[in-house]
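Quick notes on the structure that follows.
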Protein chains: 2
Amino acid sequence: MKGFDDKFLDYLLAEQLVPSVFKGEFGLEKENVRVDERGRLALTPHPIEFGNKLKNPYITTDFSESQIEMITPVCYSIPEVYNFLENLQNIVSVSLKGEYLWPQSNPPILPSDEDIPIAEFGVEGLEQRKYREKLAKKYGKKKQLLSGIHCNFSFSDELLLSLYEKFGHGRLFPEFKNNIYLKVTKNFLKYRWLLIYLTGASPIIHRSFGKEYNDFCRPVDDESYYYQSLCSIRNSQCGYKNQEEFLISYETLEDYTGEIQALIDEGKIENASEFYSPIRLKTSCKEGGLNRLKKEGIGYVELRIFDLNPFVKNGITIEDLYLTHLLMIYCLLKPNPDFSKRDQDFANLNHDLATVAGVYENSKIYNDAGKLVSFKEEALEIFMELEDLVRQLGFNVEYLTDIIQTAKEKVMQPEQTYASILIKAAKKQSYIGFHMQKAKEYLEESKANEVKLIGYGDLELSTQMLIQDAIKRGIIFDILDRRENFLSFNNRIKKEYVKQATMTSLDSYSTVLIMENKVVTKQVLKEHNFKVPLGENYDELESAKKAYKKFKGKKIVVKPKSTNFGVGISILDDDFREEEYNRALEIALSHDDTALVEEFISGKEYRFLVIGDEVVGVLLRVPANVQGDGRRTIRQLVEEKNLDPLRGEGHRTPLEKIVLGEIEEMCLKSQGKSFEDIPRRDEVVFIRENSNISTGGDSIDYTELVHDSYKQLALEAAKCIGVAITGVDIIIENIRETRNETNCTIIELNFNPAIYMHCYPYRGKNRRVGDKVLDLLFGNGYN
Amino acid sequence: MKGFDDKFLDYLLAEQLVPSVFKGEFGLEKENVRVDERGRLALTPHPIEFGNKLKNPYITTDFSESQIEMITPVCYSIPEVYNFLENLQNIVSVSLKGEYLWPQSNPPILPSDEDIPIAEFGVEGLEQRKYREKLAKKYGKKKQLLSGIHCNFSFSDELLLSLYEKFGHGRLFPEFKNNIYLKVTKNFLKYRWLLIYLTGASPIIHRSFGKEYNDFCRPVDDESYYYQSLCSIRNSQCGYKNQEEFLISYETLEDYTGEIQALIDEGKIENASEFYSPIRLKTSCKEGGLNRLKKEGIGYVELRIFDLNPFVKNGITIEDLYLTHLLMIYCLLKPNPDFSKRDQDFANLNHDLATVAGVYENSKIYNDAGKLVSFKEEALEIFMELEDLVRQLGFNVEYLTDIIQTAKEKVMQPEQTYASILIKAAKKQSYIGFHMQKAKEYLEESKANEVKLIGYGDLELSTQMLIQDAIKRGIIFDILDRRENFLSFNNRIKKEYVKQATMTSLDSYSTVLIMENKVVTKQVLKEHNFKVPLGENYDELESAKKAYKKFKGKKIVVKPKSTNFGVGISILDDDFREEEYNRALEIALSHDDTALVEEFISGKEYRFLVIGDEVVGVLLRVPANVQGDGRRTIRQLVEEKNLDPLRGEGHRTPLEKIVLGEIEEMCLKSQGKSFEDIPRRDEVVFIRENSNISTGGDSIDYTELVHDSYKQLALEAAKCIGVAITGVDIIIENIRETRNETNCTIIELNFNPAIYMHCYPYRGKNRRVGDKVLDLLFGNGYN
C-alpha cells in the first residue's frame with residue numbers, strides 16, 4: 001500500500017485546490033489535574049471562578065473534581081487553536097490559589113483510592129456523577145486520573161465539496177463525506193503507531209499510582225519508576241483502555257454505529273463515550289449520540305492519543321499539531337486500506353509496539369503484510385512519503401519539511417524522544433521535583449502574560465480582558481466585528497452584544513447621546529444641582545474668539561463638545577495670550593462644531609468607574625510626566641519612559657506612550673521649557689496639562705483611599721444621567737475630607753470608559769472590572 | 001409729570017445699557033371660545049387630543065368647557081413669543097373637528113345660561129370646578145365667556161441688576177426690584193387708557209349675550225348691535241369686572257398684598273385671581289399665591305387689557321406687542337407717580353373714557369391735575385414722549401417710530417381703530433358672518449402651515465413634528481442642543497431625552513450599535529433565520545477590487561458598512577464594467593472603512609416603520625424620477641420638480657430636492673441617457689437606483705395595502721435586534737401575497753428612521769408618527 005490515491009492528488013493539484021487542503025477546523029481538549037505545592041493531588045473543590053462546570057464550555061472538570069479540562073472552541077487554523085489553548089492555560093493557572101496544573105499525563109502523588117474526589121455536579125448533574133461512580137468501580141479511580149489531550153479535526157467543507165464534485169458519482173454529499181472520514185479513520189488507526197512513538201511522554205509512574213513494581217521497572221527516584229522501553233504508560237496496556245479490545249467495522253457508518261450499539265446492548269459499555277478508541281467519529285453537533293451520528297453523518301474526528309508534553313506550557317507543541325495535521329492529510333490521500341479484524345489486530349499490536357519502541361534500538365513493527373519489520377525503516381518510509389507529499393502540494397514546504405526532519409531524528413535517535421529526555425531529567429531531579437519545577441515555571445509564564453489574550457492583540461485591551469473573564473466563567477463569546485471590538489456574549493440563557501467592552505444593552509441610546517454631548521451633560525447635571533464648571537459654548541470660531549476678554553486673566557479649559565480621551569483639549573494658565581486662546585479654540589473646533597470654554601477647577605481629578613450600583617475603581621491620573629536625572633533631555637527621558645512594555649498605542653496596553661506633539665510643546669512652553677531642556681535630578685516635569693491615560697498619563701489606584709462620600713457622588717451623578725457604565729471625572733480638593741457643596745466638581749461623564757486602567761494601574765490593585773461588567777450583564781456570580 | 005426719570009435714562013445711555021432695556025421675558029395667554037360652523041358656541045367637550053386640561057401647560061380651558069386657553073412658555077423676544085402663539089393657534093385649529101376658534105372677545109351665538117358648559121376637570125379638579133360654579137353664580141356664565149389676551153412681561157435681570165448696582169443704595173435687590181415693578185404698575189395703570197383705545201376690538205354684542213338693547217345701542221344686523229362710541233365692551237363697565245371698584249395701594253408690596261388679603265378676608269373676593277385688575281403683580285413662580293408673592297417678590301407683571309383682534313389669526317398684531325413693550329419701558333423711565341386713591345379714581349375714569357373714546361371726535365380725558373382735557377392732545381403728548389424716548393435710546397428706531405406713527409393716526413382718525421373698522425365690516429356681513437368668515441380663513445391658513453413649526457425651521461422636520469404633538473398633549477419640551485435636534489420632554493412624571501425625534505431611551509446602546517453596523521445586523525438577522533441578501537465585506541479596497549470576478553455578471557449593490565440615508569450606495573447592473581465596480585467601491589469606502597458587496601434583490605423595497613409593537617406606516621419609496629413632456633431635458637424637468645415647496649434640503653421638508661451629481665450621472669449612463677436628453681411625453685426616467693427620500697425619491701403610503709404577514713415580519717426582525725423604533729426595509733415580490741420563505745428579503749434596519757415621510761407622503765395618509773413615539777415614551781394616550 002505504498003503511494004497515494006493519485007485520483008485525489010492529481011485532481012487537487014490540477015484544480016489548484018491545495019490551499020483548501022490545508023484549511024480545516026481544529027479543536028483541543030486538554031486535561032490537567034490540580035496539585036498542591038508539593039505535588040500532591042489537590043483535594044479542594046473546582047474553583048468557583050470557573051462557574052458551573054456543567055455549563056462552562058471552556059473550563060470544566062473531567063472524571064475527578066481535581067481534574068480540570070480545558071476546551072477550545074472550533075478554530076480555523078493551528079495557530080488560532082494553539083493560542084486559544086494557551087489563553088485557557090493562562091486563565092486557569094492564574095486563577096488557582098496556591099495550586100498548580102500538573103503538566104504530566106501520569107498522576108502526581110495520589111491519596112488512597114477512596115480519597116480521590118469524583119467530580120461534583122450538584123442536583124443538575126446527578127447523571128454525570130452516577131456515570132463517574134460506575135467508571136470508578138469498573139476501572140478504578142486512579143486510572144481515571146490519567147490525563148491527555150484530544151484533538152478534534154475536520155477537513156474544510158471547501159475541500160470536501162470539491163472532491164465531491166469530482167468523485168461524488170451520484171451519491172449524496174453526506175454519504176460521500178462519511179466515506180472520506182471512514183477512510184481517514186482507518187488510515188489513522190493504521191499509522192497511529194508513529195504518532196504515539198513521537199508524542200508519547202508518560203513513561204514514569206509514581207508509586208502512589210499503585211502499580212506493582214516488577215522486573216521491567218527501573219527506579220527514577222525513591223517514589224517513582226519507569227517501565228523499561230515504555231514511552232507512554234497512558235497509551236499502553238497499563239493505561240486507560242477498555243477491559244477487552246473491541247474490534248468494530250469501519251466500512252460504513254451504519255456498521256460502525258451498529259456495532260458500537262451492540263456493545264452497549266450487550267452491557268459491555270455504558271454508552272459510546274466508553275468506547276475508548278484512539279480516534280472517534282463525531283457529528284458536527286457536540287452533544288450528538290450514536291443515533292444522531294448515524295442520522296446526521298460524520299462532522300469531525302477526535303484524536304485521543306496525545307500525552308501531555310511536560311516540556312511545554314501548553315502540554316503539546318505547535319509542531320506536533322502541524323505534524324498531526326499533515327498526517328491527517330496523508331490519511332486522506334492514501335488509498336482506502338483493507339481493514340478487516342485481522343488488519344485491526346495488527347494495527348493494535350503496532351500501537352502497543354510503539355509504546356515500547358521508545359528505548360529499543362531495534363524495535364519492530366508489523367507491516368501491511370503482517371510481517372514484523374524494522375520500526376525505523378517502516379517509519380522512515382512514511383516520512384519519505386510525507387516529504388514527497390509536502391513537496392507535491394508545495395504549501396508551507398520549508399516549515400513542514402523541518403518538522404518531518406525533527407520527527408525523523410527522533411526515530412533515528414530514540415534518546416531524543418520526549419520520553420527518553422523526561423526519564424533523564426526526572427532521574428536528576430526526581431519525578432515530582434521535575435514536574436513541579438515545570439508547573440511553577442509555567443505559572444510564572446502565565447502570570448507574565450496575564451494582561452494579554454494571545455491571538456487577540458488587534459483588539460483593545462479592555463475587550464481582551466472582558467473576553468478573558470467571559471472564558472473563565474464560561475460565557476461564550478463571538479467576535480462580530482474585530483475592527484470595532486464588537487462582540488456577542490452568550491450564557492445560553494441570553495445573548496448580549498457589547499462593543500469596546502463597555503458599550504452594552506445596559507445603557508439606553510438617549511443616555512449615551514447625553515454623555516456624548518458635554519453641553520447637554522452639563523445642563524442635566526446642573527438641573528440636578530451637581531456642581532459643574534462654569535463656562536460658555538461656542539458654535540463659531542469668530543464669536544468664540546471675541547469672548548477672549550471675558551476669560552482673560554482666568555485659568556481656563558478649552559475643549560470640543562463631544563470627544564473622548566482628552567482629544568482636542570487645551571488648558572490655559574491665567575496669563576494666557578490671545579494667540580494661545582485662539583489656537584486652543586481652533587484645536588477644539590477641529591474636533592467638533594461646538595467648543596466649550598470653562599473655568600479651570602484646581603485640585604486633582606479622579607476617575608470614578610461606575611458599574612451599575614457600584615464604584616468599582618477610583619484612579620488618580622497623573623498627567624504625562626518624566627522625572628529628571630540631571631543628565632538627559634526631556635525628549636530623551638520620554639523616549640526612555642516609552643520603552644516600558646506596558647506603554648503602547650491605541651489602548652492595547654495598560655498605559656500609552658507619551659507623544660511629543662504640538663499640545664505637549666505648548667504645555668512645556670507655558671512652563672518656560674522645551675523638549676531639549678535637561679531637568680534637574682528628581683525634578684518631575686509635566687508634559688501635558690490633562691491627565692488622560694490616553695495621552696501618556698500615569699494611573700494610580702485610589703479606590704480604598706477616597707472618602708466614601710465622593711463615591712456616593714459619582715453614583716448619584718451616574719444615576720441622574722441614567723447610565724449603567726460610566727467614568728465620572730471629579731476634581732476633589734482633599735479625598736480624605738467628607739464631600740460638601742464646594743469642595744468637589746464634576747468635570748465629565750465618559751460613556752466609554754477605559755476599564756483596563758483599573759485592572760493594570762501604574763500603581764495599585766487589579767479591580768477585576770471585566771467580572772463586574774459580566775455580573776451586570778448576566779447577573780451576579782458565575783452562571 | 002412730563003418727561004422722564006433722568007437719573008435712569010442718563011445712566012442707561014452713559015453705560016451703554018440700551019440693549020438690556022429691550023431684552024425681557026414675554027408670555028402670552030389667549031382665550032378663544034369654540035364655535036360650530038354657524039357661529040354657535042360649541043357644546044362638545046374639550047378635545048381629547050389636548051390631554052388632561054389640568055396638566056397641559058400649553059392648551060387648557062378657561063371658565064367654560066368651550067373656552068380654549070393657549071399659553072406660551074416664557075420667551076425671550078417678541079418674535080419668539082408671537083411665533084409660539086401662532087404655533088399654538090395652528091395646532092389647536094387643525095385639531096378641532098368641524099369646529100372653529102371664535103376670533104372675537106365678545107361671545108358668538110350663546111345658548112341659554114344653563115346650557116353653557118362650565119369646564120369639567122374630573123375628580124382631580126373638583127376645586128377648579130367648584131370655583132367656576134361660584135363665579136357663574138356671582139357674575140353670570142355669559143360674562144365669563146368674554147375672552148382676551150393676557151401678556152406676561154418682565155424686564156431682563158441684566159437691566160434690573162444694572163439699575164440696582166447704581167441705584168440700590170444699600171437695599172436688597174428683591175426690594176429694589178419690587179419698587180421698580182410697583183412704579184411700572186402705577187404708570188401702566190395711569191397710561192393704560194391709551195392702550196385700551198388702541199387695541200379695543202369688542203364693540204359689538206350678539207343678542208344672545210342677553211344685554212338689554214337701549215338708547216345708546218345701534219343695530220349691526222338682526223341679531224347684533226353695538227354701543228355707540230364703545231370700542232371695547234370687554235374693557236367697559238359692561239365687561240367682566242369686579243362688582244365694585246376696589247382701590248388698593250401700590251406703595252409697597254406689603255401694602256398691595258395686605259389690601260388684597262383684606263378683600264379676601266372680608267369675603268368680597270374668593271382669592272387674588274378674582275381681583276380683576278388691568279395689571280397684576282406675579283411671583284416668578286406661576287403657581288404662587290399672595291403669600292408667595294409677598295415672600296419672594298415680584299417676578300413679572302400680567303397685562304390683561306387686550307381684546308382679541310379679529311383682523312389677525314393670532315388675535316393680536318406683533319406691532320401691538322412692540323408698542324406695549326415700548327410702553328412698559330416708558331413706564332419704567334417715567335418718574336414714580338403719585339397714586340393716591342384719588343389718582344386711582346382718575347385712572348379708572350380714564351379707562352372708562354378710553355373705552356368710549358372710539359367714535360367721539362372730541363373725546364376728553366383727565367390729566368394729572370384731574371382736569372378734563374382733550375383726549376387727542378393728551379395722547380399726542382404721550383406719543384411725542386415715546387418718539388423722543390425711541391430716539392434717545394437709539395434702538396430699532398425706524399420700526400418703533402413707524403409703529404408710533406400708526407398709533408398716532410388711530411388717535412387722529414378714530415375711524416381707523418379696530419373697533420370702527422370692525423363695526424363697518426360687521427354691518428356689511430353681519431356680526432356672526434364676518435367673524436365666521438375670519439375663523440374659516442384662519443383655519444385654512446393654519447392647515448397650510450401644518451407641516452411647520454414656526455420659529456423652529458432650523459430643526460429637522462421630524463423633530464418639529466414631535467414638538468407639535470408634544471405641545472398638543474401638554475408635554476413640556478426643552479431644546480438642549482438645537483444643532484443636534486436634541487430635546488427633553490417632560491410630562492411632569494418623567495423626563496425623556498430625544499435626539500432627532502427617534503433616538504430615545506427606548507433603545508439600548510448595543511441595539512443601536514448593531515444597526516449602525518450593517519455587517520453585524522446581517523449576522524444577527526441570519527442567525528435568526530431571516531432572509532438577507534448574500535454578500536461579502538471588504539476592509540481593503542485592494543482585496544475588494546480583486547473580488548471583481550466573483551461578482552461579474554451579477555446585479556449587485558455596493559455600500560458602506562455604516563451609513564444611513566442611502567449615502568455612498570451604488571447599484572450596478574449585471575453588465576457592469578470593472579471601472580464602475582471599482583468606482584462604486586471607492587465611493588463606499590470613502591464613507592466607512594468596510595464596504596459591503598451584496599447581490600441585488602429585485603422587487604420593490606418597502607419601508608416598514610416599527611414603533612414599539614406596531615408597524616405604524618409602510619411606504620414605497622420610488623427612486624428620484626421625472627416624467628417627460630417631450631420638450632424639456634432631464635435637467636430642466638428635475639429643476640422644475642425641485643420647485644415644489646415640499647422639496648427642500650437636509651430633512652427640513654417632507655421631500656428632498658433631486659441632486660444632479662456623480663451617482664445620478666452614472667445611473668443615467670447605465671440607461672444610455674444623460675442630463676441633457678429629452679424624455680418622451682409621459683416617459684418616467686429614474687435618476688437614482690436607490691429609492692431613499694433623502695436622495696430625491698418619492699414616498700407613497702402603502703400601510704393599508706401591504707399583506708399583514710410582512711408587517712409581522714418587520715416586527716419580528718425588529719424584535720430579534722431588540723429595537724423599539726426602526727425603519728425596516730424589505731424587498732417584496734408581491735405585497736398582496738402572503739409572505740413565504742423566498743418572496744421577501746430584509747435589506748436593512750435603520751436606527752434613525754425619518755418619520756416625517758410617513759406623515760407627509762408624496763401620496764397617502766398622515767400616519768401621526770409623532771403621537772406614536774410619544775405614546776411609547778409616556779404611555780398610551782394623553783397624559
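Going by the C-alpha cells order, chains are called A, B, ..., each with residues numbered from 1, while ligands are numbered from 1 in the order shown.
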Kindly determine which residues of chain B lie within 8 Å of chain A, considering only C-alpha atoms, and give the answer as a PDB file with all heavy atoms, in the first residue's frame.
```
ATOM      1  N   LEU B 480     -32.258  71.167  24.094  1.00  0.00           N
ATOM      2  CA  LEU B 480     -30.969  71.128  24.785  1.00  0.00           C
ATOM      3  C   LEU B 480     -29.835  71.486  23.843  1.00  0.00           C
ATOM      4  O   LEU B 480     -28.861  72.090  24.243  1.00  0.00           O
ATOM      5  CB  LEU B 480     -30.732  69.729  25.360  1.00  0.00           C
ATOM      6  CG  LEU B 480     -31.827  69.213  26.288  1.00  0.00           C
ATOM      7  CD1 LEU B 480     -31.524  67.791  26.725  1.00  0.00           C
ATOM      8  CD2 LEU B 480     -31.958  70.115  27.506  1.00  0.00           C
ATOM      9  N   ASP B 481     -29.957  71.075  22.593  1.00  0.00           N
ATOM     10  CA  ASP B 481     -28.936  71.398  21.602  1.00  0.00           C
ATOM     11  C   ASP B 481     -29.628  71.491  20.249  1.00  0.00           C
ATOM     12  O   ASP B 481     -29.998  70.483  19.662  1.00  0.00           O
ATOM     13  CB  ASP B 481     -27.846  70.305  21.609  1.00  0.00           C
ATOM     14  CG  ASP B 481     -26.628  70.701  20.786  1.00  0.00           C
ATOM     15  OD1 ASP B 481     -26.804  71.381  19.740  1.00  0.00           O
ATOM     16  OD2 ASP B 481     -25.509  70.351  21.173  1.00  0.00           O
ATOM     17  N   TYR B 497     -35.233  62.067  27.125  1.00  0.00           N
ATOM     18  CA  TYR B 497     -34.324  62.776  26.238  1.00  0.00           C
ATOM     19  C   TYR B 497     -34.425  62.180  24.841  1.00  0.00           C
ATOM     20  O   TYR B 497     -34.383  60.949  24.692  1.00  0.00           O
ATOM     21  CB  TYR B 497     -32.896  62.677  26.764  1.00  0.00           C
ATOM     22  CG  TYR B 497     -32.737  63.368  28.091  1.00  0.00           C
ATOM     23  CD1 TYR B 497     -32.963  62.694  29.293  1.00  0.00           C
ATOM     24  CD2 TYR B 497     -32.411  64.716  28.148  1.00  0.00           C
ATOM     25  CE1 TYR B 497     -32.848  63.336  30.521  1.00  0.00           C
ATOM     26  CE2 TYR B 497     -32.285  65.375  29.373  1.00  0.00           C
ATOM     27  CZ  TYR B 497     -32.506  64.681  30.546  1.00  0.00           C
ATOM     28  OH  TYR B 497     -32.396  65.336  31.755  1.00  0.00           O
ATOM     29  N   VAL B 498     -34.583  63.016  23.852  1.00  0.00           N
ATOM     30  CA  VAL B 498     -34.804  62.530  22.490  1.00  0.00           C
ATOM     31  C   VAL B 498     -33.934  63.323  21.521  1.00  0.00           C
ATOM     32  O   VAL B 498     -33.923  64.548  21.556  1.00  0.00           O
ATOM     33  CB  VAL B 498     -36.280  62.683  22.082  1.00  0.00           C
ATOM     34  CG1 VAL B 498     -36.500  62.217  20.647  1.00  0.00           C
ATOM     35  CG2 VAL B 498     -37.186  61.905  23.030  1.00  0.00           C
ATOM     36  N   LYS B 499     -33.223  62.604  20.688  1.00  0.00           N
ATOM     37  CA  LYS B 499     -32.447  63.270  19.644  1.00  0.00           C
ATOM     38  C   LYS B 499     -33.038  62.896  18.300  1.00  0.00           C
ATOM     39  O   LYS B 499     -33.382  61.733  18.066  1.00  0.00           O
ATOM     40  CB  LYS B 499     -30.982  62.828  19.740  1.00  0.00           C
ATOM     41  CG  LYS B 499     -30.051  63.595  18.819  1.00  0.00           C
ATOM     42  CD  LYS B 499     -28.604  63.257  19.141  1.00  0.00           C
ATOM     43  CE  LYS B 499     -27.700  63.619  17.983  1.00  0.00           C
ATOM     44  NZ  LYS B 499     -26.296  63.315  18.267  1.00  0.00           N
ATOM     45  N   MET B 503     -34.322  58.938  18.386  1.00  0.00           N
ATOM     46  CA  MET B 503     -33.238  58.373  19.193  1.00  0.00           C
ATOM     47  C   MET B 503     -33.608  58.604  20.648  1.00  0.00           C
ATOM     48  O   MET B 503     -33.502  59.721  21.151  1.00  0.00           O
ATOM     49  CB  MET B 503     -31.924  59.048  18.812  1.00  0.00           C
ATOM     50  CG  MET B 503     -31.582  58.815  17.344  1.00  0.00           C
ATOM     51  SD  MET B 503     -30.636  60.162  16.598  1.00  0.00           S
ATOM     52  CE  MET B 503     -28.979  59.534  16.744  1.00  0.00           C
ATOM     53  N   THR B 504     -34.042  57.551  21.312  1.00  0.00           N
ATOM     54  CA  THR B 504     -34.662  57.700  22.625  1.00  0.00           C
ATOM     55  C   THR B 504     -34.086  56.720  23.632  1.00  0.00           C
ATOM     56  O   THR B 504     -33.226  55.909  23.302  1.00  0.00           O
ATOM     57  CB  THR B 504     -36.169  57.409  22.536  1.00  0.00           C
ATOM     58  OG1 THR B 504     -36.341  55.997  22.317  1.00  0.00           O
ATOM     59  CG2 THR B 504     -36.824  58.176  21.392  1.00  0.00           C
ATOM     60  N   SER B 505     -34.619  56.779  24.819  1.00  0.00           N
ATOM     61  CA  SER B 505     -34.218  55.830  25.859  1.00  0.00           C
ATOM     62  C   SER B 505     -34.809  54.456  25.625  1.00  0.00           C
ATOM     63  O   SER B 505     -34.486  53.503  26.314  1.00  0.00           O
ATOM     64  CB  SER B 505     -34.677  56.352  27.219  1.00  0.00           C
ATOM     65  OG  SER B 505     -36.085  56.285  27.294  1.00  0.00           O
ATOM     66  N   LEU B 506     -35.711  54.348  24.646  1.00  0.00           N
ATOM     67  CA  LEU B 506     -36.379  53.064  24.418  1.00  0.00           C
ATOM     68  C   LEU B 506     -35.423  52.059  23.799  1.00  0.00           C
ATOM     69  O   LEU B 506     -35.629  50.854  23.907  1.00  0.00           O
ATOM     70  CB  LEU B 506     -37.567  53.262  23.485  1.00  0.00           C
ATOM     71  CG  LEU B 506     -38.624  54.210  24.026  1.00  0.00           C
ATOM     72  CD1 LEU B 506     -39.599  54.605  22.931  1.00  0.00           C
ATOM     73  CD2 LEU B 506     -39.359  53.573  25.195  1.00  0.00           C
ATOM     74  N   ASP B 507     -34.394  52.568  23.132  1.00  0.00           N
ATOM     75  CA  ASP B 507     -33.448  51.654  22.530  1.00  0.00           C
ATOM     76  C   ASP B 507     -32.165  51.609  23.330  1.00  0.00           C
ATOM     77  O   ASP B 507     -31.709  52.622  23.841  1.00  0.00           O
ATOM     78  CB  ASP B 507     -33.193  52.048  21.074  1.00  0.00           C
ATOM     79  CG  ASP B 507     -34.345  51.609  20.213  1.00  0.00           C
ATOM     80  OD1 ASP B 507     -34.695  50.421  20.323  1.00  0.00           O
ATOM     81  OD2 ASP B 507     -34.929  52.426  19.499  1.00  0.00           O
ATOM     82  N   SER B 508     -31.615  50.419  23.420  1.00  0.00           N
ATOM     83  CA  SER B 508     -30.379  50.287  24.175  1.00  0.00           C
ATOM     84  C   SER B 508     -29.221  50.620  23.257  1.00  0.00           C
ATOM     85  O   SER B 508     -29.315  50.566  22.034  1.00  0.00           O
ATOM     86  CB  SER B 508     -30.236  48.885  24.732  1.00  0.00           C
ATOM     87  OG  SER B 508     -29.755  48.026  23.733  1.00  0.00           O
ATOM     88  N   TYR B 509     -28.125  50.947  23.898  1.00  0.00           N
ATOM     89  CA  TYR B 509     -26.933  51.338  23.161  1.00  0.00           C
ATOM     90  C   TYR B 509     -26.499  50.208  22.225  1.00  0.00           C
ATOM     91  O   TYR B 509     -26.221  50.428  21.040  1.00  0.00           O
ATOM     92  CB  TYR B 509     -25.840  51.641  24.173  1.00  0.00           C
ATOM     93  CG  TYR B 509     -24.657  52.380  23.629  1.00  0.00           C
ATOM     94  CD1 TYR B 509     -24.689  52.994  22.385  1.00  0.00           C
ATOM     95  CD2 TYR B 509     -23.494  52.476  24.389  1.00  0.00           C
ATOM     96  CE1 TYR B 509     -23.584  53.689  21.918  1.00  0.00           C
ATOM     97  CE2 TYR B 509     -22.397  53.169  23.927  1.00  0.00           C
ATOM     98  CZ  TYR B 509     -22.448  53.767  22.690  1.00  0.00           C
ATOM     99  OH  TYR B 509     -21.351  54.436  22.240  1.00  0.00           O
ATOM    100  N   SER B 510     -26.477  48.995  22.740  1.00  0.00           N
ATOM    101  CA  SER B 510     -25.962  47.902  21.912  1.00  0.00           C
ATOM    102  C   SER B 510     -26.857  47.661  20.700  1.00  0.00           C
ATOM    103  O   SER B 510     -26.378  47.315  19.621  1.00  0.00           O
ATOM    104  CB  SER B 510     -25.793  46.628  22.744  1.00  0.00           C
ATOM    105  OG  SER B 510     -26.993  46.258  23.334  1.00  0.00           O
ATOM    106  N   THR B 511     -28.147  47.871  20.858  1.00  0.00           N
ATOM    107  CA  THR B 511     -29.076  47.725  19.740  1.00  0.00           C
ATOM    108  C   THR B 511     -28.725  48.694  18.618  1.00  0.00           C
ATOM    109  O   THR B 511     -28.699  48.331  17.441  1.00  0.00           O
ATOM    110  CB  THR B 511     -30.504  48.016  20.240  1.00  0.00           C
ATOM    111  OG1 THR B 511     -30.861  46.994  21.142  1.00  0.00           O
ATOM    112  CG2 THR B 511     -31.484  48.066  19.098  1.00  0.00           C
ATOM    113  N   VAL B 512     -28.443  49.911  19.008  1.00  0.00           N
ATOM    114  CA  VAL B 512     -28.092  50.918  18.015  1.00  0.00           C
ATOM    115  C   VAL B 512     -26.767  50.562  17.353  1.00  0.00           C
ATOM    116  O   VAL B 512     -26.610  50.698  16.139  1.00  0.00           O
ATOM    117  CB  VAL B 512     -28.007  52.301  18.684  1.00  0.00           C
ATOM    118  CG1 VAL B 512     -27.495  53.335  17.704  1.00  0.00           C
ATOM    119  CG2 VAL B 512     -29.364  52.691  19.224  1.00  0.00           C
ATOM    120  N   LEU B 513     -25.830  50.081  18.144  1.00  0.00           N
ATOM    121  CA  LEU B 513     -24.525  49.709  17.589  1.00  0.00           C
ATOM    122  C   LEU B 513     -24.681  48.572  16.593  1.00  0.00           C
ATOM    123  O   LEU B 513     -24.004  48.534  15.566  1.00  0.00           O
ATOM    124  CB  LEU B 513     -23.574  49.316  18.719  1.00  0.00           C
ATOM    125  CG  LEU B 513     -23.190  50.467  19.656  1.00  0.00           C
ATOM    126  CD1 LEU B 513     -22.447  49.943  20.879  1.00  0.00           C
ATOM    127  CD2 LEU B 513     -22.353  51.504  18.934  1.00  0.00           C
ATOM    128  N   ILE B 514     -25.581  47.650  16.873  1.00  0.00           N
ATOM    129  CA  ILE B 514     -25.837  46.558  15.922  1.00  0.00           C
ATOM    130  C   ILE B 514     -26.352  47.153  14.616  1.00  0.00           C
ATOM    131  O   ILE B 514     -25.856  46.831  13.533  1.00  0.00           O
ATOM    132  CB  ILE B 514     -26.873  45.560  16.488  1.00  0.00           C
ATOM    133  CG1 ILE B 514     -26.281  44.778  17.667  1.00  0.00           C
ATOM    134  CG2 ILE B 514     -27.335  44.585  15.394  1.00  0.00           C
ATOM    135  CD1 ILE B 514     -27.292  43.936  18.416  1.00  0.00           C
ATOM    136  N   VAL B 519     -22.882  44.892   8.735  1.00  0.00           N
ATOM    137  CA  VAL B 519     -22.331  43.539   8.767  1.00  0.00           C
ATOM    138  C   VAL B 519     -22.898  42.777   9.961  1.00  0.00           C
ATOM    139  O   VAL B 519     -23.368  41.635   9.840  1.00  0.00           O
ATOM    140  CB  VAL B 519     -20.789  43.588   8.841  1.00  0.00           C
ATOM    141  CG1 VAL B 519     -20.224  42.185   9.007  1.00  0.00           C
ATOM    142  CG2 VAL B 519     -20.223  44.253   7.597  1.00  0.00           C
ATOM    143  N   VAL B 520     -22.855  43.430  11.098  1.00  0.00           N
ATOM    144  CA  VAL B 520     -23.339  42.775  12.314  1.00  0.00           C
ATOM    145  C   VAL B 520     -24.852  42.565  12.223  1.00  0.00           C
ATOM    146  O   VAL B 520     -25.372  41.511  12.597  1.00  0.00           O
ATOM    147  CB  VAL B 520     -22.947  43.599  13.561  1.00  0.00           C
ATOM    148  CG1 VAL B 520     -23.600  43.028  14.805  1.00  0.00           C
ATOM    149  CG2 VAL B 520     -21.432  43.618  13.710  1.00  0.00           C
ATOM    150  N   GLN B 523     -25.542  39.578  10.267  1.00  0.00           N
ATOM    151  CA  GLN B 523     -25.178  38.370  11.005  1.00  0.00           C
ATOM    152  C   GLN B 523     -26.283  37.982  11.986  1.00  0.00           C
ATOM    153  O   GLN B 523     -26.672  36.829  12.072  1.00  0.00           O
ATOM    154  CB  GLN B 523     -23.905  38.666  11.810  1.00  0.00           C
ATOM    155  CG  GLN B 523     -22.695  37.901  11.345  1.00  0.00           C
ATOM    156  CD  GLN B 523     -21.452  38.395  12.078  1.00  0.00           C
ATOM    157  OE1 GLN B 523     -20.953  39.472  11.778  1.00  0.00           O
ATOM    158  NE2 GLN B 523     -20.982  37.622  13.028  1.00  0.00           N
TER     159      GLN B 523
END
```
Which residues in region 429-656 of chain B does DSSP call strand (DSSP E or B)? List them as a count of residues only.
59
Contacts of region 276-280 of chain A at 10 Å or less, counting only C-alpha atoms, minus same-chain residues fewer than 6 places along, as a ChimeraX atom specification? /A:150-152,185-186,188-189,192,235,240-243,245-247,269,300-306,348,351
For region 319-327 of chain A, find every residue with an atom within 9 Å (counting only C-alpha atoms), except residues of its own chain fewer than 2 positions away, and show them as a PyMOL selection string. chain A and resi 22+78+82+151+153+188+191+195+198-199+316-317+329-332+386+390+400+403-404+407
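For region 729-746 of chain B, the set of protein, DNA and RNA residues having any atom at most 7 Å away, when counting only C-alpha atoms and skipping those fewer than 3 positions along the same chain, is Lys531, Val532, Pro533, Gly603, Lys604, Glu605, Tyr606, Arg607, Phe608, Val706, His707, Ser709, Tyr710 and Leu749 of chain B.
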